[in-house]
>>> print(open('protein-v7.cif').read())   # mmCIF, N, CA and C atoms and all ligand atoms
data_target
#
loop_
_atom_site.label_atom_id
_atom_site.label_comp_id
_atom_site.auth_asym_id
_atom_site.auth_seq_id
_atom_site.Cartn_x
_atom_site.Cartn_y
_atom_site.Cartn_z
N MET I 13 -9.53 17.66 15.04
CA MET I 13 -8.50 17.33 14.07
C MET I 13 -9.12 17.21 12.68
N ARG I 14 -8.47 17.83 11.72
CA ARG I 14 -8.98 17.77 10.36
C ARG I 14 -8.78 16.37 9.79
N HIS I 15 -9.76 15.93 9.04
CA HIS I 15 -9.67 14.60 8.49
C HIS I 15 -8.99 14.65 7.12
N LEU I 16 -7.81 14.03 7.04
CA LEU I 16 -7.06 14.04 5.79
C LEU I 16 -7.50 12.91 4.87
N PRO I 17 -7.48 13.16 3.57
CA PRO I 17 -7.71 12.04 2.66
C PRO I 17 -6.59 11.00 2.82
N TYR I 18 -6.89 9.78 2.58
CA TYR I 18 -5.91 8.71 2.79
C TYR I 18 -5.56 8.04 1.46
N PHE I 19 -4.37 8.34 0.97
CA PHE I 19 -3.85 7.68 -0.23
C PHE I 19 -2.63 6.88 0.20
N PRO I 20 -2.84 5.65 0.67
CA PRO I 20 -1.72 4.91 1.25
C PRO I 20 -0.68 4.48 0.22
N CYS I 21 0.57 4.55 0.65
CA CYS I 21 1.65 4.00 -0.17
C CYS I 21 1.35 2.51 -0.36
N PHE I 22 1.48 2.05 -1.58
CA PHE I 22 1.14 0.67 -1.90
C PHE I 22 2.03 -0.32 -1.14
N ASP I 23 3.26 0.10 -0.82
CA ASP I 23 4.20 -0.83 -0.20
C ASP I 23 4.21 -0.74 1.33
N CYS I 24 4.18 0.49 1.89
CA CYS I 24 4.32 0.61 3.36
C CYS I 24 3.08 1.19 4.04
N ARG I 25 2.06 1.56 3.29
CA ARG I 25 0.77 2.08 3.80
C ARG I 25 0.86 3.47 4.39
N ARG I 26 2.02 4.11 4.35
CA ARG I 26 2.14 5.49 4.82
C ARG I 26 1.24 6.36 3.96
N ASN I 27 0.59 7.36 4.56
CA ASN I 27 -0.31 8.22 3.81
C ASN I 27 0.49 9.19 2.93
N THR I 28 0.39 9.04 1.62
CA THR I 28 1.20 9.86 0.72
C THR I 28 0.67 11.28 0.59
N VAL I 29 -0.53 11.54 1.12
CA VAL I 29 -1.10 12.88 1.00
C VAL I 29 -0.28 13.91 1.78
N LEU I 30 0.33 13.47 2.89
CA LEU I 30 1.01 14.42 3.76
C LEU I 30 2.26 15.03 3.13
N ASN I 31 3.25 14.21 2.80
CA ASN I 31 4.52 14.75 2.28
C ASN I 31 4.96 14.13 0.97
N ASP I 32 4.24 13.13 0.52
CA ASP I 32 4.69 12.38 -0.65
C ASP I 32 3.75 12.56 -1.83
N TYR I 33 3.30 13.80 -2.01
CA TYR I 33 2.41 14.09 -3.13
C TYR I 33 3.25 14.69 -4.25
N TYR I 34 3.43 13.94 -5.35
CA TYR I 34 4.37 14.34 -6.40
C TYR I 34 4.01 13.61 -7.68
N MET I 35 4.64 14.00 -8.77
CA MET I 35 4.54 13.25 -10.02
C MET I 35 5.93 13.15 -10.62
N VAL I 36 6.35 11.94 -10.92
CA VAL I 36 7.64 11.79 -11.58
C VAL I 36 7.42 11.60 -13.07
N ASP I 37 8.51 11.65 -13.79
CA ASP I 37 8.54 11.38 -15.22
C ASP I 37 7.78 10.08 -15.54
N ASP I 38 6.95 10.11 -16.59
CA ASP I 38 6.11 8.94 -16.93
C ASP I 38 6.91 7.64 -17.07
N SER I 39 8.04 7.70 -17.77
CA SER I 39 8.77 6.45 -18.04
C SER I 39 9.31 5.86 -16.73
N LEU I 40 9.72 6.73 -15.81
CA LEU I 40 10.21 6.25 -14.52
C LEU I 40 9.07 5.62 -13.72
N TRP I 41 7.91 6.26 -13.78
CA TRP I 41 6.75 5.75 -13.03
C TRP I 41 6.29 4.41 -13.60
N ILE I 42 6.25 4.29 -14.92
CA ILE I 42 5.84 3.03 -15.55
C ILE I 42 6.81 1.91 -15.15
N PHE I 43 8.10 2.27 -15.06
CA PHE I 43 9.08 1.28 -14.61
C PHE I 43 8.81 0.88 -13.16
N ALA I 44 8.52 1.86 -12.32
CA ALA I 44 8.32 1.59 -10.89
C ALA I 44 7.09 0.72 -10.63
N ILE I 45 6.04 0.91 -11.42
CA ILE I 45 4.80 0.17 -11.15
C ILE I 45 4.53 -0.88 -12.23
N ARG I 46 5.59 -1.33 -12.89
CA ARG I 46 5.42 -2.27 -14.01
C ARG I 46 4.70 -3.56 -13.59
N ALA I 47 4.97 -4.03 -12.39
CA ALA I 47 4.32 -5.28 -11.94
C ALA I 47 2.82 -5.08 -11.81
N GLU I 48 2.41 -3.95 -11.23
CA GLU I 48 0.98 -3.67 -11.06
C GLU I 48 0.31 -3.48 -12.41
N LEU I 49 0.99 -2.78 -13.34
CA LEU I 49 0.40 -2.57 -14.66
C LEU I 49 0.20 -3.90 -15.38
N ARG I 50 1.17 -4.80 -15.23
CA ARG I 50 1.07 -6.10 -15.87
C ARG I 50 -0.11 -6.88 -15.29
N GLU I 51 -0.27 -6.81 -13.98
CA GLU I 51 -1.38 -7.50 -13.32
C GLU I 51 -2.72 -7.01 -13.85
N ILE I 52 -2.84 -5.69 -13.98
CA ILE I 52 -4.10 -5.11 -14.47
C ILE I 52 -4.36 -5.59 -15.90
N GLU I 53 -3.31 -5.59 -16.72
CA GLU I 53 -3.46 -6.05 -18.10
C GLU I 53 -3.83 -7.52 -18.16
N ASN I 54 -3.23 -8.31 -17.25
CA ASN I 54 -3.55 -9.74 -17.22
C ASN I 54 -5.00 -9.99 -16.87
N LEU I 55 -5.60 -9.07 -16.12
CA LEU I 55 -7.01 -9.21 -15.77
C LEU I 55 -7.91 -8.77 -16.93
N GLY I 56 -7.29 -8.27 -17.98
CA GLY I 56 -8.07 -7.88 -19.15
C GLY I 56 -8.46 -6.41 -19.16
N PHE I 57 -7.90 -5.64 -18.22
CA PHE I 57 -8.20 -4.21 -18.21
C PHE I 57 -7.08 -3.44 -18.88
N VAL I 58 -7.43 -2.29 -19.42
CA VAL I 58 -6.41 -1.40 -19.95
C VAL I 58 -6.18 -0.31 -18.91
N PRO I 59 -4.95 -0.20 -18.39
CA PRO I 59 -4.71 0.85 -17.39
C PRO I 59 -4.73 2.22 -18.04
N ILE I 60 -5.87 2.89 -17.96
CA ILE I 60 -5.99 4.18 -18.64
C ILE I 60 -5.37 5.31 -17.83
N ARG I 61 -5.23 5.09 -16.55
CA ARG I 61 -4.58 6.11 -15.73
C ARG I 61 -3.38 5.49 -15.05
N LEU I 62 -2.31 6.29 -14.92
CA LEU I 62 -1.09 5.75 -14.33
C LEU I 62 -1.11 5.81 -12.82
N CYS I 63 -2.10 6.49 -12.25
CA CYS I 63 -2.13 6.60 -10.79
C CYS I 63 -2.97 5.47 -10.20
N VAL I 64 -2.70 4.26 -10.62
CA VAL I 64 -3.40 3.11 -10.05
C VAL I 64 -2.84 2.76 -8.68
N VAL I 65 -1.62 3.19 -8.41
CA VAL I 65 -1.04 3.00 -7.09
C VAL I 65 -0.34 4.28 -6.66
N PHE I 66 -0.19 4.44 -5.36
CA PHE I 66 0.59 5.55 -4.81
C PHE I 66 1.81 4.95 -4.14
N LEU I 67 2.91 5.69 -4.21
CA LEU I 67 4.13 5.24 -3.53
C LEU I 67 4.75 6.43 -2.80
N CYS I 68 5.26 6.20 -1.60
CA CYS I 68 6.00 7.26 -0.93
C CYS I 68 7.40 7.33 -1.56
N PHE I 69 8.14 8.41 -1.29
CA PHE I 69 9.46 8.58 -1.91
C PHE I 69 10.38 7.41 -1.58
N HIS I 70 10.33 6.99 -0.33
CA HIS I 70 11.22 5.93 0.12
C HIS I 70 10.99 4.64 -0.69
N CYS I 71 9.72 4.25 -0.83
CA CYS I 71 9.42 3.02 -1.54
C CYS I 71 9.66 3.16 -3.04
N LEU I 72 9.45 4.36 -3.58
CA LEU I 72 9.75 4.58 -4.99
C LEU I 72 11.24 4.39 -5.24
N GLU I 73 12.07 4.96 -4.37
CA GLU I 73 13.52 4.81 -4.52
C GLU I 73 13.93 3.34 -4.43
N ARG I 74 13.28 2.62 -3.53
CA ARG I 74 13.60 1.20 -3.38
C ARG I 74 13.24 0.45 -4.67
N ARG I 75 12.07 0.78 -5.24
CA ARG I 75 11.64 0.08 -6.45
C ARG I 75 12.53 0.36 -7.66
N ILE I 76 13.00 1.60 -7.78
CA ILE I 76 13.83 1.93 -8.95
C ILE I 76 15.30 1.65 -8.68
N GLY I 77 15.64 1.32 -7.43
CA GLY I 77 17.00 0.91 -7.12
C GLY I 77 18.01 2.04 -7.12
N ARG I 78 17.55 3.26 -6.95
CA ARG I 78 18.48 4.40 -6.86
C ARG I 78 17.79 5.57 -6.17
N LYS I 79 18.58 6.57 -5.82
CA LYS I 79 18.04 7.79 -5.22
C LYS I 79 17.35 8.62 -6.30
N LEU I 80 16.31 9.29 -5.90
CA LEU I 80 15.63 10.20 -6.82
C LEU I 80 16.49 11.45 -7.01
N VAL I 81 16.43 12.02 -8.20
CA VAL I 81 17.16 13.27 -8.48
C VAL I 81 16.18 14.30 -9.01
N SER I 82 16.62 15.54 -9.00
CA SER I 82 15.76 16.67 -9.39
C SER I 82 15.13 16.47 -10.77
N SER I 83 15.90 15.93 -11.72
CA SER I 83 15.39 15.80 -13.09
C SER I 83 14.32 14.71 -13.24
N ASP I 84 14.09 13.92 -12.18
CA ASP I 84 13.01 12.93 -12.23
C ASP I 84 11.64 13.61 -12.12
N PHE I 85 11.64 14.88 -11.67
CA PHE I 85 10.38 15.56 -11.39
C PHE I 85 10.13 16.68 -12.39
N PRO I 86 9.13 16.50 -13.26
CA PRO I 86 8.77 17.58 -14.20
C PRO I 86 8.29 18.80 -13.40
N PRO I 87 8.33 19.99 -14.01
CA PRO I 87 7.97 21.21 -13.27
C PRO I 87 6.46 21.37 -13.07
N PHE I 88 5.85 20.42 -12.41
CA PHE I 88 4.44 20.53 -12.07
C PHE I 88 4.30 21.22 -10.72
N ILE I 89 3.14 21.84 -10.52
CA ILE I 89 2.92 22.57 -9.27
C ILE I 89 3.10 21.67 -8.05
N CYS I 90 2.55 20.44 -8.13
CA CYS I 90 2.65 19.55 -6.97
C CYS I 90 4.11 19.27 -6.63
N ASN I 91 4.98 19.24 -7.65
CA ASN I 91 6.41 19.01 -7.39
C ASN I 91 7.07 20.25 -6.80
N GLU I 92 6.77 21.40 -7.39
CA GLU I 92 7.41 22.64 -6.93
C GLU I 92 7.01 22.98 -5.50
N GLU I 93 5.84 22.48 -5.08
CA GLU I 93 5.39 22.77 -3.72
C GLU I 93 5.81 21.70 -2.72
N ASN I 94 6.45 20.66 -3.21
CA ASN I 94 6.80 19.55 -2.33
C ASN I 94 8.18 19.77 -1.69
N ALA I 95 8.25 19.62 -0.38
CA ALA I 95 9.48 19.91 0.36
C ALA I 95 10.64 19.02 -0.08
N PHE I 96 10.36 17.74 -0.33
CA PHE I 96 11.41 16.80 -0.75
C PHE I 96 11.99 17.21 -2.11
N VAL I 97 11.09 17.54 -3.05
CA VAL I 97 11.54 17.94 -4.39
C VAL I 97 12.29 19.27 -4.32
N ARG I 98 11.81 20.18 -3.49
CA ARG I 98 12.49 21.48 -3.34
C ARG I 98 13.90 21.29 -2.81
N ARG I 99 14.06 20.32 -1.90
CA ARG I 99 15.41 20.04 -1.39
C ARG I 99 16.30 19.51 -2.50
N LEU I 100 15.72 18.61 -3.34
CA LEU I 100 16.50 18.08 -4.45
C LEU I 100 16.88 19.18 -5.43
N ARG I 101 16.00 20.17 -5.58
CA ARG I 101 16.23 21.28 -6.50
C ARG I 101 17.24 22.27 -5.94
N GLY I 102 17.62 22.08 -4.67
CA GLY I 102 18.60 22.96 -4.08
C GLY I 102 18.01 24.19 -3.44
N SER I 103 16.68 24.18 -3.26
CA SER I 103 16.06 25.33 -2.60
C SER I 103 16.34 25.26 -1.11
N THR I 104 16.71 26.40 -0.53
CA THR I 104 17.03 26.41 0.89
C THR I 104 15.84 26.82 1.75
N GLU I 105 14.74 27.20 1.09
CA GLU I 105 13.55 27.63 1.84
C GLU I 105 12.96 26.46 2.60
ZN ZN A 1 6.11 3.57 1.17
#
>>> encode(input="protein-v7.cif", output="structure tokens")
Amino acid sequence: MRHLPYFPCFDCRRNTVLNDYYMVDDSLWIFAIRAELREIENLGFVPIRLCVVFLCFHCLERRIGRKLVSSDFPPFICNEENAFVRRLRGSTE
């Protein structure tokens, strides 16, 4: 069995490498991880990268309090190749 990298969802520990590899709009992401960003700042660090945590789609939707929509995902390759985003985009493949 091939050994997959493990990027656990911060909330449910599901491995986001499998099906939850995506990038959403920066402002939405900052909103979703605002608590973690505040914690880092309180420790005296400047969060230079926004990928300090990973979230699966399910937990991201729970954090933002709504369903994700196609326009939440900029046209990055990781999004265009993601099955969940493709479904949101209306692709039938
Ligand atoms: Zn999760």
>>> residues_around(input="protein-v7.cif", residues="region 77-87 of chain I", least_positions_apart="3", cutoff="6.5 Å", atoms="only N, CA and C atoms", output="VMD selection string")
chain I and resid 35 to 37 72 to 74 90 to 92 100 to 101
>>> closest_atom_pairs(input="protein-v7.cif", of="chain I", to="ligand ZN 1 (chain A)", cutoff="6.5 Å", atoms="only N, CA and C atoms and all ligand atoms", output="tab-separated table")
residue	atom	partner	partner_atom	distance
I:Cys21	CA	A:ZN1	ZN	4.7
I:Phe22	N	A:ZN1	ZN	5.6
I:Asp23	C	A:ZN1	ZN	4.7
I:Cys24	N	A:ZN1	ZN	3.7
I:Arg25	N	A:ZN1	ZN	5.0
I:Arg26	N	A:ZN1	ZN	5.2
I:Leu67	C	A:ZN1	ZN	5.1
I:Cys68	N	A:ZN1	ZN	3.9
I:Phe69	N	A:ZN1	ZN	5.8
I:His70	C	A:ZN1	ZN	5.3
I:Cys71	N	A:ZN1	ZN	4.2
I:Leu72	N	A:ZN1	ZN	5.9
>>> atom_distance(input="protein-v7.cif", atom1="CA of Arg75 (chain I)", atom2="CA of Phe96 (chain I)")
17.7 Å
>>> select_by_dssp(input="protein-v7.cif", residues="chain I", states="helix (DSSP H, G or I)", output="PyMOL selection string")
chain I and resi 28-31+38-44+46-54+69-76+82-84+89-92+95-100
>>> decode(input="protein-v7.cif", residues="region 27-61 of chain I", atoms="N, CA and C atoms", output="PDB file, in the first residue's frame")
ATOM      1  N   ASN I  27      -8.036  12.713   6.809  1.00  0.00           N
ATOM      2  CA  ASN I  27      -6.895  13.115   5.993  1.00  0.00           C
ATOM      3  C   ASN I  27      -7.369  13.925   4.783  1.00  0.00           C
ATOM      4  N   THR I  28      -7.017  15.203   4.734  1.00  0.00           N
ATOM      5  CA  THR I  28      -7.511  16.070   3.667  1.00  0.00           C
ATOM      6  C   THR I  28      -6.800  15.832   2.343  1.00  0.00           C
ATOM      7  N   VAL I  29      -5.715  15.050   2.365  1.00  0.00           N
ATOM      8  CA  VAL I  29      -4.976  14.806   1.127  1.00  0.00           C
ATOM      9  C   VAL I  29      -5.811  14.011   0.116  1.00  0.00           C
ATOM     10  N   LEU I  30      -6.688  13.143   0.626  1.00  0.00           N
ATOM     11  CA  LEU I  30      -7.423  12.254  -0.265  1.00  0.00           C
ATOM     12  C   LEU I  30      -8.426  12.977  -1.158  1.00  0.00           C
ATOM     13  N   ASN I  31      -9.417  13.632  -0.561  1.00  0.00           N
ATOM     14  CA  ASN I  31     -10.473  14.267  -1.371  1.00  0.00           C
ATOM     15  C   ASN I  31     -10.703  15.729  -1.039  1.00  0.00           C
ATOM     16  N   ASP I  32     -10.025  16.216  -0.023  1.00  0.00           N
ATOM     17  CA  ASP I  32     -10.315  17.568   0.455  1.00  0.00           C
ATOM     18  C   ASP I  32      -9.130  18.501   0.239  1.00  0.00           C
ATOM     19  N   TYR I  33      -8.508  18.357  -0.930  1.00  0.00           N
ATOM     20  CA  TYR I  33      -7.375  19.218  -1.251  1.00  0.00           C
ATOM     21  C   TYR I  33      -7.882  20.341  -2.149  1.00  0.00           C
ATOM     22  N   TYR I  34      -7.915  21.578  -1.619  1.00  0.00           N
ATOM     23  CA  TYR I  34      -8.557  22.686  -2.323  1.00  0.00           C
ATOM     24  C   TYR I  34      -8.025  23.996  -1.756  1.00  0.00           C
ATOM     25  N   MET I  35      -8.367  25.091  -2.410  1.00  0.00           N
ATOM     26  CA  MET I  35      -8.097  26.418  -1.854  1.00  0.00           C
ATOM     27  C   MET I  35      -9.331  27.269  -2.074  1.00  0.00           C
ATOM     28  N   VAL I  36      -9.816  27.864  -1.003  1.00  0.00           N
ATOM     29  CA  VAL I  36     -10.954  28.774  -1.163  1.00  0.00           C
ATOM     30  C   VAL I  36     -10.451  30.206  -1.176  1.00  0.00           C
ATOM     31  N   ASP I  37     -11.350  31.095  -1.508  1.00  0.00           N
ATOM     32  CA  ASP I  37     -11.113  32.520  -1.481  1.00  0.00           C
ATOM     33  C   ASP I  37     -10.466  32.935  -0.149  1.00  0.00           C
ATOM     34  N   ASP I  38      -9.431  33.788  -0.205  1.00  0.00           N
ATOM     35  CA  ASP I  38      -8.691  34.180   1.002  1.00  0.00           C
ATOM     36  C   ASP I  38      -9.589  34.708   2.127  1.00  0.00           C
ATOM     37  N   SER I  39     -10.533  35.579   1.787  1.00  0.00           N
ATOM     38  CA  SER I  39     -11.339  36.203   2.847  1.00  0.00           C
ATOM     39  C   SER I  39     -12.210  35.153   3.549  1.00  0.00           C
ATOM     40  N   LEU I  40     -12.693  34.180   2.780  1.00  0.00           N
ATOM     41  CA  LEU I  40     -13.499  33.111   3.378  1.00  0.00           C
ATOM     42  C   LEU I  40     -12.635  32.246   4.295  1.00  0.00           C
ATOM     43  N   TRP I  41     -11.416  31.970   3.843  1.00  0.00           N
ATOM     44  CA  TRP I  41     -10.510  31.130   4.634  1.00  0.00           C
ATOM     45  C   TRP I  41     -10.111  31.838   5.925  1.00  0.00           C
ATOM     46  N   ILE I  42      -9.802  33.127   5.834  1.00  0.00           N
ATOM     47  CA  ILE I  42      -9.429  33.899   7.031  1.00  0.00           C
ATOM     48  C   ILE I  42     -10.587  33.894   8.033  1.00  0.00           C
ATOM     49  N   PHE I  43     -11.815  33.983   7.503  1.00  0.00           N
ATOM     50  CA  PHE I  43     -12.981  33.920   8.379  1.00  0.00           C
ATOM     51  C   PHE I  43     -13.075  32.546   9.047  1.00  0.00           C
ATOM     52  N   ALA I  44     -12.846  31.496   8.267  1.00  0.00           N
ATOM     53  CA  ALA I  44     -12.990  30.130   8.787  1.00  0.00           C
ATOM     54  C   ALA I  44     -11.951  29.811   9.863  1.00  0.00           C
ATOM     55  N   ILE I  45     -10.742  30.344   9.717  1.00  0.00           N
ATOM     56  CA  ILE I  45      -9.684  29.993  10.678  1.00  0.00           C
ATOM     57  C   ILE I  45      -9.324  31.177  11.572  1.00  0.00           C
ATOM     58  N   ARG I  46     -10.271  32.101  11.742  1.00  0.00           N
ATOM     59  CA  ARG I  46      -9.984  33.323  12.504  1.00  0.00           C
ATOM     60  C   ARG I  46      -9.526  33.025  13.943  1.00  0.00           C
ATOM     61  N   ALA I  47     -10.100  32.004  14.552  1.00  0.00           N
ATOM     62  CA  ALA I  47      -9.718  31.677  15.937  1.00  0.00           C
ATOM     63  C   ALA I  47      -8.259  31.238  15.997  1.00  0.00           C
ATOM     64  N   GLU I  48      -7.851  30.395  15.048  1.00  0.00           N
ATOM     65  CA  GLU I  48      -6.467  29.911  15.025  1.00  0.00           C
ATOM     66  C   GLU I  48      -5.507  31.055  14.734  1.00  0.00           C
ATOM     67  N   LEU I  49      -5.888  31.944  13.804  1.00  0.00           N
ATOM     68  CA  LEU I  49      -5.016  33.073  13.476  1.00  0.00           C
ATOM     69  C   LEU I  49      -4.832  33.975  14.692  1.00  0.00           C
ATOM     70  N   ARG I  50      -5.907  34.175  15.440  1.00  0.00           N
ATOM     71  CA  ARG I  50      -5.834  35.022  16.627  1.00  0.00           C
ATOM     72  C   ARG I  50      -4.902  34.390  17.664  1.00  0.00           C
ATOM     73  N   GLU I  51      -5.020  33.077  17.821  1.00  0.00           N
ATOM     74  CA  GLU I  51      -4.158  32.371  18.769  1.00  0.00           C
ATOM     75  C   GLU I  51      -2.688  32.542  18.422  1.00  0.00           C
ATOM     76  N   ILE I  52      -2.388  32.392  17.129  1.00  0.00           N
ATOM     77  CA  ILE I  52      -0.994  32.531  16.679  1.00  0.00           C
ATOM     78  C   ILE I  52      -0.502  33.947  16.962  1.00  0.00           C
ATOM     79  N   GLU I  53      -1.348  34.931  16.677  1.00  0.00           N
ATOM     80  CA  GLU I  53      -0.962  36.324  16.923  1.00  0.00           C
ATOM     81  C   GLU I  53      -0.774  36.591  18.410  1.00  0.00           C
ATOM     82  N   ASN I  54      -1.641  35.972  19.231  1.00  0.00           N
ATOM     83  CA  ASN I  54      -1.512  36.146  20.674  1.00  0.00           C
ATOM     84  C   ASN I  54      -0.200  35.583  21.201  1.00  0.00           C
ATOM     85  N   LEU I  55       0.332  34.581  20.521  1.00  0.00           N
ATOM     86  CA  LEU I  55       1.609  34.007  20.923  1.00  0.00           C
ATOM     87  C   LEU I  55       2.780  34.880  20.454  1.00  0.00           C
ATOM     88  N   GLY I  56       2.461  35.908  19.709  1.00  0.00           N
ATOM     89  CA  GLY I  56       3.503  36.824  19.256  1.00  0.00           C
ATOM     90  C   GLY I  56       4.063  36.492  17.890  1.00  0.00           C
ATOM     91  N   PHE I  57       3.416  35.545  17.196  1.00  0.00           N
ATOM     92  CA  PHE I  57       3.877  35.208  15.849  1.00  0.00           C
ATOM     93  C   PHE I  57       3.022  35.919  14.816  1.00  0.00           C
ATOM     94  N   VAL I  58       3.616  36.165  13.667  1.00  0.00           N
ATOM     95  CA  VAL I  58       2.848  36.700  12.557  1.00  0.00           C
ATOM     96  C   VAL I  58       2.535  35.529  11.622  1.00  0.00           C
ATOM     97  N   PRO I  59       1.247  35.235  11.408  1.00  0.00           N
ATOM     98  CA  PRO I  59       0.926  34.122  10.506  1.00  0.00           C
ATOM     99  C   PRO I  59       1.248  34.486   9.068  1.00  0.00           C
ATOM    100  N   ILE I  60       2.422  34.075   8.601  1.00  0.00           N
ATOM    101  CA  ILE I  60       2.838  34.470   7.258  1.00  0.00           C
ATOM    102  C   ILE I  60       2.200  33.596   6.191  1.00  0.00           C
ATOM    103  N   ARG I  61       1.767  32.422   6.581  1.00  0.00           N
ATOM    104  CA  ARG I  61       1.089  31.564   5.618  1.00  0.00           C
ATOM    105  C   ARG I  61      -0.291  31.249   6.142  1.00  0.00           C
TER     106      ARG I  61
END
